[in-house]
$ cat query_14.csv   # CSV, C-alpha atoms
chain,number,residue,atom,x,y,z
T,1,MET,CA,139.0,113.2,129.9
T,2,SER,CA,137.3,114.8,126.9
T,3,ASN,CA,137.2,111.4,125.1
T,4,LYS,CA,134.8,110.1,127.8
T,5,GLN,CA,132.3,112.8,127.0
T,6,SER,CA,128.8,111.5,126.5
T,7,ILE,CA,127.3,111.3,123.1
T,8,GLU,CA,123.7,112.1,122.2
T,9,ILE,CA,121.9,110.0,119.6
T,10,LEU,CA,118.4,110.3,118.2
T,11,PRO,CA,116.0,107.5,117.4
T,12,ILE,CA,115.3,107.4,113.6
T,13,GLY,CA,112.5,104.9,113.7
T,14,ILE,CA,110.6,102.3,115.7
T,15,VAL,CA,110.0,98.5,115.6
T,16,THR,CA,106.5,97.1,115.3
T,17,THR,CA,105.9,93.4,115.6
T,18,ASP,CA,103.1,91.1,116.6
T,19,VAL,CA,105.5,88.8,118.5
T,20,ALA,CA,105.0,89.2,122.2
T,21,ASP,CA,108.1,90.2,124.2
T,22,ASP,CA,108.3,86.9,125.9
T,23,ASP,CA,108.5,85.1,122.6
T,24,VAL,CA,111.2,87.2,121.0
T,25,ALA,CA,114.1,85.2,122.3
T,26,ARG,CA,112.6,81.9,121.1
T,27,GLN,CA,111.5,83.2,117.7
T,28,ARG,CA,114.5,85.4,117.1
T,29,ARG,CA,115.8,83.4,114.0
T,30,THR,CA,112.4,83.5,112.1
T,31,MET,CA,110.3,86.4,113.5
T,32,VAL,CA,109.0,89.1,111.1
T,33,SER,CA,108.8,92.7,112.2
T,34,GLU,CA,108.4,96.1,110.6
T,35,ILE,CA,110.7,99.0,111.0
T,36,GLN,CA,108.9,102.3,110.6
T,37,ILE,CA,111.5,105.0,109.8
T,38,PHE,CA,110.4,108.5,110.9
T,39,GLU,CA,109.3,110.8,108.1
T,40,GLU,CA,112.2,113.1,108.4
T,41,TYR,CA,114.7,110.3,107.6
T,42,ALA,CA,112.6,108.2,105.2
T,43,ALA,CA,114.1,109.7,102.0
T,44,GLY,CA,117.4,108.2,103.1
T,45,LEU,CA,116.1,104.7,102.4
T,46,LYS,CA,116.1,105.2,98.7
T,47,GLY,CA,117.7,102.1,97.1
T,48,ILE,CA,117.9,100.0,100.3
T,49,GLU,CA,115.5,97.5,98.7
T,50,GLU,CA,118.3,96.4,96.3
T,51,TYR,CA,119.9,94.7,99.3
T,52,SER,CA,118.7,91.3,100.6
T,53,HIS,CA,120.0,92.0,104.1
T,54,ILE,CA,120.5,95.0,106.4
T,55,ILE,CA,122.3,95.8,109.5
T,56,VAL,CA,120.0,97.1,112.2
T,57,LEU,CA,121.2,99.0,115.3
T,58,PHE,CA,118.6,99.5,118.0
T,59,TRP,CA,118.3,100.8,121.5
T,60,MET,CA,117.4,98.1,124.0
T,61,HIS,CA,115.2,100.5,125.9
T,62,ARG,CA,113.8,97.9,128.3
T,63,VAL,CA,117.2,96.9,129.7
T,64,ASP,CA,118.0,98.4,133.0
T,65,ARG,CA,121.1,100.4,132.6
T,66,SER,CA,123.4,98.9,135.3
T,67,PRO,CA,126.0,97.3,133.1
T,68,ARG,CA,127.6,94.1,134.3
T,69,GLN,CA,131.2,93.0,133.7
T,70,LEU,CA,130.6,89.2,133.7
T,71,VAL,CA,127.6,87.2,132.5
T,72,HIS,CA,126.7,83.6,132.0
T,73,PRO,CA,126.4,83.1,128.2
T,74,ARG,CA,122.7,82.8,127.2
T,75,GLY,CA,121.8,83.3,130.8
T,76,ASP,CA,122.7,79.7,131.5
T,77,PRO,CA,124.2,79.4,135.0
T,78,SER,CA,125.9,76.1,134.0
T,79,LEU,CA,128.1,78.0,131.5
T,80,PRO,CA,131.2,79.7,132.9
T,81,LEU,CA,131.1,83.5,133.6
T,82,THR,CA,132.3,85.4,130.5
T,83,GLY,CA,132.9,89.1,129.9
T,84,VAL,CA,129.8,91.0,128.9
T,85,LEU,CA,131.7,92.4,125.9
T,86,ALA,CA,132.5,88.8,124.8
T,87,SER,CA,128.8,88.0,124.9
T,88,ARG,CA,125.9,89.0,122.7
T,89,GLY,CA,123.5,89.2,125.6
T,90,ARG,CA,122.3,92.1,127.8
T,91,GLY,CA,124.4,94.1,130.1
T,92,HIS,CA,126.7,95.9,127.7
T,93,PRO,CA,127.7,99.4,128.9
T,94,ASN,CA,125.6,100.9,126.1
T,95,PRO,CA,122.6,98.6,125.4
T,96,ILE,CA,122.8,98.8,121.6
T,97,GLY,CA,121.2,95.9,119.9
T,98,PHE,CA,122.7,94.6,116.6
T,99,ALA,CA,121.0,92.3,114.1
T,100,VAL,CA,121.6,91.2,110.5
T,101,ALA,CA,118.0,91.1,109.2
T,102,GLU,CA,116.6,89.8,105.9
T,103,LEU,CA,114.9,92.7,104.1
T,104,ILE,CA,111.7,91.2,102.8
T,105,ALA,CA,110.1,94.4,101.5
T,106,ARG,CA,110.1,98.1,101.6
T,107,ASP,CA,106.9,100.2,101.4
T,108,GLY,CA,108.0,103.9,101.6
T,109,PRO,CA,109.3,104.4,105.2
T,110,ARG,CA,108.3,100.9,106.3
T,111,LEU,CA,110.7,98.0,106.1
T,112,THR,CA,109.5,94.4,106.6
T,113,VAL,CA,112.3,92.3,108.0
T,114,ARG,CA,113.0,88.8,109.2
T,115,ARG,CA,115.2,87.9,112.2
T,116,LEU,CA,115.3,91.2,114.0
T,117,ASP,CA,115.3,90.2,117.7
T,118,ALA,CA,113.8,93.4,119.1
T,119,TYR,CA,110.7,94.0,121.1
T,120,HIS,CA,107.7,95.9,119.8
T,121,GLY,CA,108.3,99.6,120.4
T,122,THR,CA,112.1,99.4,120.2
T,123,PRO,CA,113.8,102.6,119.0
T,124,ILE,CA,115.9,102.2,115.8
T,125,ILE,CA,119.1,104.2,115.8
T,126,ASP,CA,120.7,103.1,112.5
T,127,VAL,CA,120.1,101.0,109.4
T,128,LYS,CA,122.9,100.1,107.0
T,129,PRO,CA,123.1,97.7,104.0
T,130,TYR,CA,124.8,94.4,104.8
T,131,ASP,CA,127.5,93.9,102.1
T,132,GLN,CA,129.8,91.2,100.9
T,133,TYR,CA,132.7,92.5,103.0
T,134,ASP,CA,130.7,91.9,106.2
T,135,VAL,CA,130.8,88.2,105.5
T,136,CYS,CA,133.7,86.4,107.2
T,137,THR,CA,133.5,82.7,106.6
T,138,GLU,CA,136.7,81.5,108.3
T,139,LEU,CA,135.6,82.1,111.9
T,140,ARG,CA,136.8,80.9,115.2
T,141,THR,CA,134.2,80.9,118.0
T,142,PRO,CA,134.3,79.1,121.4
K,1,MET,CA,106.5,111.8,120.8
K,2,SER,CA,108.3,110.0,123.7
K,3,ASN,CA,109.8,107.5,121.3
K,4,LYS,CA,111.8,110.4,119.7
K,5,GLN,CA,113.5,111.2,123.0
K,6,SER,CA,117.3,111.4,122.7
K,7,ILE,CA,119.5,108.7,124.1
K,8,GLU,CA,122.8,109.2,125.9
K,9,ILE,CA,125.7,106.9,125.3
K,10,LEU,CA,129.1,106.8,126.8
K,11,PRO,CA,132.4,106.0,125.1
K,12,ILE,CA,133.9,102.7,126.4
K,13,GLY,CA,137.3,103.0,124.8
K,14,ILE,CA,139.3,104.7,122.1
K,15,VAL,CA,141.1,103.7,118.9
K,16,THR,CA,144.8,104.2,118.4
K,17,THR,CA,146.5,103.6,115.1
K,18,ASP,CA,149.6,104.8,113.3
K,19,VAL,CA,147.6,105.1,110.0
K,20,ALA,CA,147.1,108.7,109.1
K,21,ASP,CA,143.5,109.9,108.7
K,22,ASP,CA,144.0,110.5,105.0
K,23,ASP,CA,145.1,106.9,104.5
K,24,VAL,CA,142.3,105.2,106.4
K,25,ALA,CA,139.9,104.9,103.5
K,26,ARG,CA,142.6,103.4,101.2
K,27,GLN,CA,144.0,101.0,103.9
K,28,ARG,CA,140.6,100.1,105.4
K,29,ARG,CA,140.8,96.4,104.4
K,30,THR,CA,144.2,95.7,105.9
K,31,MET,CA,145.0,98.4,108.5
K,32,VAL,CA,145.9,97.4,112.0
K,33,SER,CA,144.7,99.4,115.0
K,34,GLU,CA,144.4,99.1,118.7
K,35,ILE,CA,141.3,99.5,120.8
K,36,GLN,CA,142.0,100.6,124.3
K,37,ILE,CA,139.0,99.8,126.5
K,38,PHE,CA,138.7,102.1,129.5
K,39,GLU,CA,139.6,100.5,132.8
K,40,GLU,CA,136.1,100.5,134.2
K,41,TYR,CA,134.9,98.3,131.4
K,42,ALA,CA,138.0,96.1,130.7
K,43,ALA,CA,136.9,93.1,132.9
K,44,GLY,CA,134.0,92.8,130.4
K,45,LEU,CA,136.5,91.6,127.7
K,46,LYS,CA,137.1,88.2,129.5
K,47,GLY,CA,137.0,85.5,126.9
K,48,ILE,CA,136.7,87.7,123.8
K,49,GLU,CA,140.1,86.3,122.6
K,50,GLU,CA,138.3,83.1,121.8
K,51,TYR,CA,136.7,84.7,118.8
K,52,SER,CA,138.6,85.4,115.6
K,53,HIS,CA,136.4,88.4,114.7
K,54,ILE,CA,134.5,91.1,116.6
K,55,ILE,CA,131.9,93.7,115.8
K,56,VAL,CA,133.1,97.2,116.6
K,57,LEU,CA,130.7,100.1,116.9
K,58,PHE,CA,132.4,103.5,117.0
K,59,TRP,CA,131.4,107.1,117.0
K,60,MET,CA,132.5,109.0,113.9
K,61,HIS,CA,133.4,112.0,115.9
K,62,ARG,CA,135.0,114.0,113.0
K,63,VAL,CA,131.9,113.9,110.8
K,64,ASP,CA,129.9,117.1,110.9
K,65,ARG,CA,126.5,116.3,112.1
K,66,SER,CA,124.3,117.6,109.4
K,67,PRO,CA,122.7,114.4,108.1
K,68,ARG,CA,122.0,114.1,104.4
K,69,GLN,CA,119.2,112.2,102.8
K,70,LEU,CA,120.9,111.3,99.5
K,71,VAL,CA,124.5,110.6,98.7
K,72,HIS,CA,126.7,109.4,95.8
K,73,PRO,CA,127.9,106.0,96.8
K,74,ARG,CA,131.6,106.0,97.7
K,75,GLY,CA,131.5,109.8,97.1
K,76,ASP,CA,131.7,109.2,93.4
K,77,PRO,CA,129.6,111.8,91.6
K,78,SER,CA,129.2,109.5,88.5
K,79,LEU,CA,127.1,107.1,90.6
K,80,PRO,CA,123.4,107.8,91.0
K,81,LEU,CA,122.2,109.5,94.2
K,82,THR,CA,121.2,106.9,96.8
K,83,GLY,CA,119.6,107.1,100.2
K,84,VAL,CA,122.1,107.6,103.0
K,85,LEU,CA,120.7,104.7,104.9
K,86,ALA,CA,121.2,102.5,101.8
K,87,SER,CA,124.9,103.5,101.9
K,88,ARG,CA,127.8,102.7,104.2
K,89,GLY,CA,129.3,106.1,103.9
K,90,ARG,CA,129.0,109.2,106.0
K,91,GLY,CA,125.9,111.3,106.6
K,92,HIS,CA,123.8,108.9,108.6
K,93,PRO,CA,121.5,110.6,111.1
K,94,ASN,CA,123.6,109.1,113.9
K,95,PRO,CA,127.2,108.8,112.7
K,96,ILE,CA,127.8,105.3,114.2
K,97,GLY,CA,130.6,103.4,112.5
K,98,PHE,CA,130.3,99.6,112.1
K,99,ALA,CA,133.1,97.2,111.3
K,100,VAL,CA,133.7,93.5,111.4
K,101,ALA,CA,137.4,93.4,112.5
K,102,GLU,CA,139.8,90.5,112.9
K,103,LEU,CA,140.9,90.2,116.5
K,104,ILE,CA,144.6,89.6,116.3
K,105,ALA,CA,145.4,89.7,120.0
K,106,ARG,CA,144.2,90.8,123.4
K,107,ASP,CA,146.5,92.2,126.0
K,108,GLY,CA,144.3,93.1,129.0
K,109,PRO,CA,142.2,96.1,128.1
K,110,ARG,CA,143.9,96.4,124.7
K,111,LEU,CA,142.7,94.7,121.5
K,112,THR,CA,144.8,94.6,118.4
K,113,VAL,CA,142.5,94.4,115.4
K,114,ARG,CA,142.8,94.4,111.6
K,115,ARG,CA,140.3,96.1,109.3
K,116,LEU,CA,138.8,98.7,111.6
K,117,ASP,CA,138.3,101.7,109.4
K,118,ALA,CA,138.4,104.3,112.1
K,119,TYR,CA,140.6,107.3,112.7
K,120,HIS,CA,143.1,107.5,115.5
K,121,GLY,CA,141.3,108.9,118.6
K,122,THR,CA,137.8,107.6,117.6
K,123,PRO,CA,135.6,106.8,120.5
K,124,ILE,CA,134.4,103.1,120.8
K,125,ILE,CA,130.8,102.6,121.9
K,126,ASP,CA,130.5,98.9,121.8
K,127,VAL,CA,132.3,95.6,121.1
K,128,LYS,CA,130.6,92.3,120.5
K,129,PRO,CA,131.8,88.9,119.3
K,130,TYR,CA,131.0,88.2,115.6
K,131,ASP,CA,129.3,84.8,115.5
K,132,GLN,CA,128.2,82.2,112.9
K,133,TYR,CA,124.7,83.6,112.8
K,134,ASP,CA,126.0,87.0,111.6
K,135,VAL,CA,127.3,85.3,108.4
K,136,CYS,CA,124.8,85.5,105.5
K,137,THR,CA,126.2,84.0,102.4
K,138,GLU,CA,123.2,84.2,100.0
K,139,LEU,CA,123.3,87.9,99.6
K,140,ARG,CA,121.8,90.2,97.0
K,141,THR,CA,123.6,93.6,96.6
K,142,PRO,CA,123.4,96.2,93.8

$ encode --input "query_14.csv" --output "structure tokens"
Amino acid sequence: MSNKQSIEILPIGIVTTDVADDDVARQRRTMVSEIQIFEEYAAGLKGIEEYSHIIVLFWMHRVDRSPRQLVHPRGDPSLPLTGVLASRGRGHPNPIGFAVAELIARDGPRLTVRRLDAYHGTPIIDVKPYDQYDVCTELRTP
Amino acid sequence: MSNKQSIEILPIGIVTTDVADDDVARQRRTMVSEIQIFEEYAAGLKGIEEYSHIIVLFWMHRVDRSPRQLVHPRGDPSLPLTGVLASRGRGHPNPIGFAVAELIARDGPRLTVRRLDAYHGTPIIDVKPYDQYDVCTELRTP
């Protein structure tokens, strides 16, 4: 089926952070990182500093790519097995990380952000402003 | 540089909707669509119906892939040129669409959603539950 054809994407930048890989999960709500957008895409950042928050899509390059169907939420074996697509953890068919990060500063191609739960060296695949219409306040979650 | 190596992703499903392509932009806040997850990934949906909203990543397959650096927000030439990464429109280096959609129903591999601004036939590349920590209420936007 042609609609199952694979898609090629290109990294547009890279994450740098002083937080060690083993500490990312624990510090994910507060950690500060930098996103370095590659030179050829950097002009596309013009004006992003007017937003307080950005959506960051990244490629979880360390995850082994053998997708699972069911996972224990938060890796906790006491929690019942849940579909991987109903979980925010690892094991999605395409290991694309998603975070809403606070944009602390922009210095040319370099964005300083808080709350991006990505390892040092992670490829960035997209950045978008987070806007009012992304905020849903009447949520139901398990 | 090895960190600029291209990445291969696979569609995991497809969008179906009765809304005509030309009406998607205008109806984006209310339109109803279905996401059909391909059979090999469908078990991964178990439990997603416990969430009221989901994050949908899709591949904007109709967009020609000649990324721009600067765009007029909302395609309105009276608005000043802004970086494409500071805009939610087309022209991002990787044309990955992002929507927070309301999950109306799940019927096996089929999700009925509201507010997914994607054309009929759009490949889905990821689905994640939208959770409390994705909600940022103290926003600054231009």

$ atom_distance --input "query_14.csv" --atom1 "CA of Asp64 in chain K" --atom2 "CA of Ala42 in chain T"
20.3 Å

$ closest_atom_pairs --input "query_14.csv" --of "chain T" --to "chain K" --cutoff "8 Å" --atoms "all atoms listed in the file" --output "JSON lines"
{"residue": "T:Asn3", "atom": "CA", "partner": "K:Pro123", "partner_atom": "CA", "distance": 6.7}
{"residue": "T:Lys4", "atom": "CA", "partner": "K:Pro11", "partner_atom": "CA", "distance": 5.5}
{"residue": "T:Gln5", "atom": "CA", "partner": "K:Leu10", "partner_atom": "CA", "distance": 6.8}
{"residue": "T:Ser6", "atom": "CA", "partner": "K:Leu10", "partner_atom": "CA", "distance": 4.7}
{"residue": "T:Ile7", "atom": "CA", "partner": "K:Ile9", "partner_atom": "CA", "distance": 5.2}
{"residue": "T:Glu8", "atom": "CA", "partner": "K:Glu8", "partner_atom": "CA", "distance": 4.8}
{"residue": "T:Ile9", "atom": "CA", "partner": "K:Ile7", "partner_atom": "CA", "distance": 5.3}
{"residue": "T:Leu10", "atom": "CA", "partner": "K:Ser6", "partner_atom": "CA", "distance": 4.8}
{"residue": "T:Pro11", "atom": "CA", "partner": "K:Lys4", "partner_atom": "CA", "distance": 5.6}
{"residue": "T:Ile12", "atom": "CA", "partner": "K:Pro93", "partner_atom": "CA", "distance": 7.4}
{"residue": "T:Ile14", "atom": "CA", "partner": "K:Asn3", "partner_atom": "CA", "distance": 7.7}
{"residue": "T:Tyr41", "atom": "CA", "partner": "K:Gln69", "partner_atom": "CA", "distance": 6.8}
{"residue": "T:Ala43", "atom": "CA", "partner": "K:Gln69", "partner_atom": "CA", "distance": 5.7}
{"residue": "T:Gly44", "atom": "CA", "partner": "K:Gly83", "partner_atom": "CA", "distance": 3.8}
{"residue": "T:Leu45", "atom": "CA", "partner": "K:Gly83", "partner_atom": "CA", "distance": 4.8}
{"residue": "T:Lys46", "atom": "CA", "partner": "K:Gly83", "partner_atom": "CA", "distance": 4.3}
{"residue": "T:Gly47", "atom": "CA", "partner": "K:Ala86", "partner_atom": "CA", "distance": 5.9}
{"residue": "T:Ile48", "atom": "CA", "partner": "K:Ala86", "partner_atom": "CA", "distance": 4.4}
{"residue": "T:Glu50", "atom": "CA", "partner": "K:Pro142", "partner_atom": "CA", "distance": 5.7}
{"residue": "T:Tyr51", "atom": "CA", "partner": "K:Thr141", "partner_atom": "CA", "distance": 4.7}
{"residue": "T:Ser52", "atom": "CA", "partner": "K:Arg140", "partner_atom": "CA", "distance": 4.9}
{"residue": "T:His53", "atom": "CA", "partner": "K:Leu139", "partner_atom": "CA", "distance": 6.9}
{"residue": "T:Arg68", "atom": "CA", "partner": "K:Gly44", "partner_atom": "CA", "distance": 7.6}
{"residue": "T:Gln69", "atom": "CA", "partner": "K:Gly44", "partner_atom": "CA", "distance": 4.3}
{"residue": "T:Leu70", "atom": "CA", "partner": "K:Gly44", "partner_atom": "CA", "distance": 6.0}
{"residue": "T:Thr82", "atom": "CA", "partner": "K:Lys46", "partner_atom": "CA", "distance": 5.6}
{"residue": "T:Gly83", "atom": "CA", "partner": "K:Gly44", "partner_atom": "CA", "distance": 3.9}
{"residue": "T:Val84", "atom": "CA", "partner": "K:Gly44", "partner_atom": "CA", "distance": 4.8}
{"residue": "T:Leu85", "atom": "CA", "partner": "K:Gly44", "partner_atom": "CA", "distance": 5.1}
{"residue": "T:Ala86", "atom": "CA", "partner": "K:Ile48", "partner_atom": "CA", "distance": 4.5}
{"residue": "T:Ser87", "atom": "CA", "partner": "K:Lys128", "partner_atom": "CA", "distance": 6.4}
{"residue": "T:Arg88", "atom": "CA", "partner": "K:Lys128", "partner_atom": "CA", "distance": 6.1}
{"residue": "T:His92", "atom": "CA", "partner": "K:Asp126", "partner_atom": "CA", "distance": 7.6}
{"residue": "T:Pro93", "atom": "CA", "partner": "K:Ile12", "partner_atom": "CA", "distance": 7.5}
{"residue": "T:Asn94", "atom": "CA", "partner": "K:Ile9", "partner_atom": "CA", "distance": 6.1}
{"residue": "T:Ile96", "atom": "CA", "partner": "K:Asp126", "partner_atom": "CA", "distance": 7.7}
{"residue": "T:Ala99", "atom": "CA", "partner": "K:Asp134", "partner_atom": "CA", "distance": 7.7}
{"residue": "T:Val100", "atom": "CA", "partner": "K:Asp134", "partner_atom": "CA", "distance": 6.2}
{"residue": "T:Pro123", "atom": "CA", "partner": "K:Asn3", "partner_atom": "CA", "distance": 6.7}
{"residue": "T:Ile125", "atom": "CA", "partner": "K:Asn94", "partner_atom": "CA", "distance": 6.9}
{"residue": "T:Asp126", "atom": "CA", "partner": "K:Asn94", "partner_atom": "CA", "distance": 6.8}
{"residue": "T:Val127", "atom": "CA", "partner": "K:Leu85", "partner_atom": "CA", "distance": 5.9}
{"residue": "T:Lys128", "atom": "CA", "partner": "K:Leu85", "partner_atom": "CA", "distance": 5.5}
{"residue": "T:Pro129", "atom": "CA", "partner": "K:Ala86", "partner_atom": "CA", "distance": 5.6}
{"residue": "T:Asp131", "atom": "CA", "partner": "K:Thr141", "partner_atom": "CA", "distance": 6.7}
{"residue": "T:Gln132", "atom": "CA", "partner": "K:Leu139", "partner_atom": "CA", "distance": 7.4}
{"residue": "T:Asp134", "atom": "CA", "partner": "K:Val100", "partner_atom": "CA", "distance": 6.2}
{"residue": "T:Val135", "atom": "CA", "partner": "K:Val135", "partner_atom": "CA", "distance": 5.4}
{"residue": "T:Cys136", "atom": "CA", "partner": "K:Val135", "partner_atom": "CA", "distance": 6.6}
{"residue": "T:Thr137", "atom": "CA", "partner": "K:Val135", "partner_atom": "CA", "distance": 7.0}
{"residue": "T:Leu139", "atom": "CA", "partner": "K:Ser52", "partner_atom": "CA", "distance": 5.8}
{"residue": "T:Arg140", "atom": "CA", "partner": "K:Ser52", "partner_atom": "CA", "distance": 4.9}
{"residue": "T:Thr141", "atom": "CA", "partner": "K:Tyr51", "partner_atom": "CA", "distance": 4.6}
{"residue": "T:Pro142", "atom": "CA", "partner": "K:Glu50", "partner_atom": "CA", "distance": 5.7}

$ atom_distance --input "query_14.csv" --atom1 "CA of Val24 in chain T" --atom2 "CA of Leu116 in chain T"
9.0 Å

$ residues_around --input "query_14.csv" --residues "Gln27 in chain T" --least-positions-apart "6" --cutoff "9 Å" --atoms "only C-alpha atoms" --output "PDB file with C-alpha atoms, in the coordinates of the input"
ATOM      1  CA  VAL T  19     105.500  88.800 118.500  1.00  0.00           C
ATOM      2  CA  ARG T 115     115.200  87.900 112.200  1.00  0.00           C
ATOM      3  CA  ASP T 117     115.300  90.200 117.700  1.00  0.00           C
TER       4      ASP T 117
END

$ calpha_fit_and_write --input "query_14.csv" --fixed "chain T" --moving "chain K" --output "short mmCIF file (atom, residue, chain, number, x, y, z; two decimals) with C-alpha atoms, in the coordinates of the input"
data_model
loop_
_atom_site.label_atom_id
_atom_site.label_comp_id
_atom_site.auth_asym_id
_atom_site.auth_seq_id
_atom_site.Cartn_x
_atom_site.Cartn_y
_atom_site.Cartn_z
CA MET K 1 139.07 113.18 129.90
CA SER K 2 137.32 114.77 126.85
CA ASN K 3 137.24 111.44 125.08
CA LYS K 4 134.85 110.16 127.84
CA GLN K 5 132.30 112.86 127.04
CA SER K 6 128.79 111.47 126.49
CA ILE K 7 127.28 111.32 123.06
CA GLU K 8 123.67 112.08 122.15
CA ILE K 9 121.83 110.01 119.63
CA LEU K 10 118.39 110.29 118.26
CA PRO K 11 115.96 107.51 117.40
CA ILE K 12 115.30 107.32 113.61
CA GLY K 13 112.42 104.90 113.69
CA ILE K 14 110.64 102.29 115.74
CA VAL K 15 109.99 98.54 115.55
CA THR K 16 106.52 97.08 115.36
CA THR K 17 105.86 93.39 115.59
CA ASP K 18 103.02 91.12 116.62
CA VAL K 19 105.51 88.81 118.49
CA ALA K 20 105.06 89.14 122.19
CA ASP K 21 108.10 90.21 124.22
CA ASP K 22 108.27 86.85 125.95
CA ASP K 23 108.48 85.07 122.60
CA VAL K 24 111.17 87.20 121.01
CA ALA K 25 114.13 85.22 122.28
CA ARG K 26 112.60 81.88 121.12
CA GLN K 27 111.45 83.25 117.68
CA ARG K 28 114.54 85.42 117.09
CA ARG K 29 115.72 83.43 114.02
CA THR K 30 112.46 83.55 112.11
CA MET K 31 110.31 86.41 113.49
CA VAL K 32 109.02 89.05 111.16
CA SER K 33 108.85 92.70 112.19
CA GLU K 34 108.40 96.08 110.70
CA ILE K 35 110.68 99.06 111.01
CA GLN K 36 108.92 102.33 110.64
CA ILE K 37 111.46 105.04 109.80
CA PHE K 38 110.36 108.50 110.92
CA GLU K 39 109.30 110.79 108.11
CA GLU K 40 112.23 113.14 108.40
CA TYR K 41 114.63 110.36 107.63
CA ALA K 42 112.60 108.16 105.19
CA ALA K 43 114.06 109.68 101.93
CA GLY K 44 117.39 108.22 103.17
CA LEU K 45 116.04 104.66 102.47
CA LYS K 46 116.14 105.18 98.61
CA GLY K 47 117.64 102.11 97.08
CA ILE K 48 117.92 99.98 100.24
CA GLU K 49 115.47 97.45 98.63
CA GLU K 50 118.30 96.40 96.39
CA TYR K 51 119.95 94.60 99.25
CA SER K 52 118.69 91.29 100.58
CA HIS K 53 119.99 91.98 104.12
CA ILE K 54 120.50 95.03 106.33
CA ILE K 55 122.27 95.82 109.55
CA VAL K 56 119.91 97.14 112.20
CA LEU K 57 121.16 98.95 115.26
CA PHE K 58 118.52 99.45 117.95
CA TRP K 59 118.33 100.74 121.45
CA MET K 60 117.41 98.10 124.02
CA HIS K 61 115.21 100.46 125.85
CA ARG K 62 113.75 97.88 128.33
CA VAL K 63 117.13 96.80 129.69
CA ASP K 64 117.97 98.39 133.02
CA ARG K 65 121.10 100.31 132.62
CA SER K 66 123.33 98.89 135.23
CA PRO K 67 126.09 97.32 133.12
CA ARG K 68 127.64 94.09 134.30
CA GLN K 69 131.17 92.97 133.74
CA LEU K 70 130.61 89.20 133.70
CA VAL K 71 127.67 87.16 132.55
CA HIS K 72 126.65 83.52 131.98
CA PRO K 73 126.37 83.12 128.27
CA ARG K 74 122.75 82.80 127.14
CA GLY K 75 121.80 83.33 130.83
CA ASP K 76 122.61 79.73 131.53
CA PRO K 77 124.15 79.45 134.99
CA SER K 78 125.91 76.12 134.07
CA LEU K 79 128.14 78.03 131.61
CA PRO K 80 131.25 79.72 132.93
CA LEU K 81 131.13 83.48 133.62
CA THR K 82 132.29 85.44 130.57
CA GLY K 83 132.95 89.08 129.92
CA VAL K 84 129.87 91.00 128.84
CA LEU K 85 131.64 92.37 125.85
CA ALA K 86 132.54 88.79 124.82
CA SER K 87 128.79 88.01 124.88
CA ARG K 88 125.85 88.99 122.70
CA GLY K 89 123.47 89.18 125.57
CA ARG K 90 122.33 92.04 127.73
CA GLY K 91 124.42 94.12 130.12
CA HIS K 92 126.66 95.93 127.70
CA PRO K 93 127.71 99.38 128.88
CA ASN K 94 125.61 100.87 126.07
CA PRO K 95 122.64 98.59 125.42
CA ILE K 96 122.84 98.81 121.58
CA GLY K 97 121.21 95.88 119.83
CA PHE K 98 122.75 94.56 116.57
CA ALA K 99 121.08 92.31 114.05
CA VAL K 100 121.64 91.20 110.51
CA ALA K 101 118.01 91.03 109.22
CA GLU K 102 116.59 89.86 105.91
CA LEU K 103 114.88 92.72 104.13
CA ILE K 104 111.68 91.23 102.84
CA ALA K 105 110.09 94.38 101.46
CA ARG K 106 110.11 98.15 101.54
CA ASP K 107 106.98 100.19 101.40
CA GLY K 108 108.07 103.85 101.66
CA PRO K 109 109.29 104.50 105.17
CA ARG K 110 108.37 100.96 106.25
CA LEU K 111 110.72 97.95 106.09
CA THR K 112 109.49 94.45 106.61
CA VAL K 113 112.34 92.37 107.99
CA ARG K 114 112.90 88.82 109.25
CA ARG K 115 115.20 87.96 112.15
CA LEU K 116 115.27 91.23 114.05
CA ASP K 117 115.29 90.21 117.66
CA ALA K 118 113.80 93.35 119.06
CA TYR K 119 110.71 94.04 121.10
CA HIS K 120 107.71 95.87 119.75
CA GLY K 121 108.26 99.63 120.34
CA THR K 122 112.12 99.45 120.28
CA PRO K 123 113.77 102.55 119.02
CA ILE K 124 115.95 102.18 115.82
CA ILE K 125 119.19 104.16 115.77
CA ASP K 126 120.64 103.14 112.50
CA VAL K 127 120.15 101.04 109.34
CA LYS K 128 122.87 100.12 106.92
CA PRO K 129 123.08 97.72 103.98
CA TYR K 130 124.85 94.41 104.81
CA ASP K 131 127.50 93.91 102.13
CA GLN K 132 129.89 91.17 100.91
CA TYR K 133 132.72 92.54 102.99
CA ASP K 134 130.73 91.98 106.22
CA VAL K 135 130.76 88.20 105.50
CA CYS K 136 133.65 86.38 107.25
CA THR K 137 133.50 82.72 106.66
CA GLU K 138 136.75 81.51 108.34
CA LEU K 139 135.60 82.13 111.83
CA ARG K 140 136.85 80.86 115.16
CA THR K 141 134.22 80.87 118.00
CA PRO K 142 134.22 79.09 121.39
#

$ atom_distance --input "query_14.csv" --atom1 "CA of Thr30 in chain T" --atom2 "CA of Ser78 in chain T"
26.8 Å

$ residues_around --input "query_14.csv" --residues "Ala20 in chain K" --least-positions-apart "3" --cutoff "8 Å" --atoms "only C-alpha atoms" --output "PyMOL selection string"
chain K and resi 17+23-24+119-120

$ closest_residue --input "query_14.csv" --among "T:Val63, T:Ile104, T:Ile37, T:Met31" --to "Val15 in chain T" --atoms "only C-alpha atoms"
T:Ile37
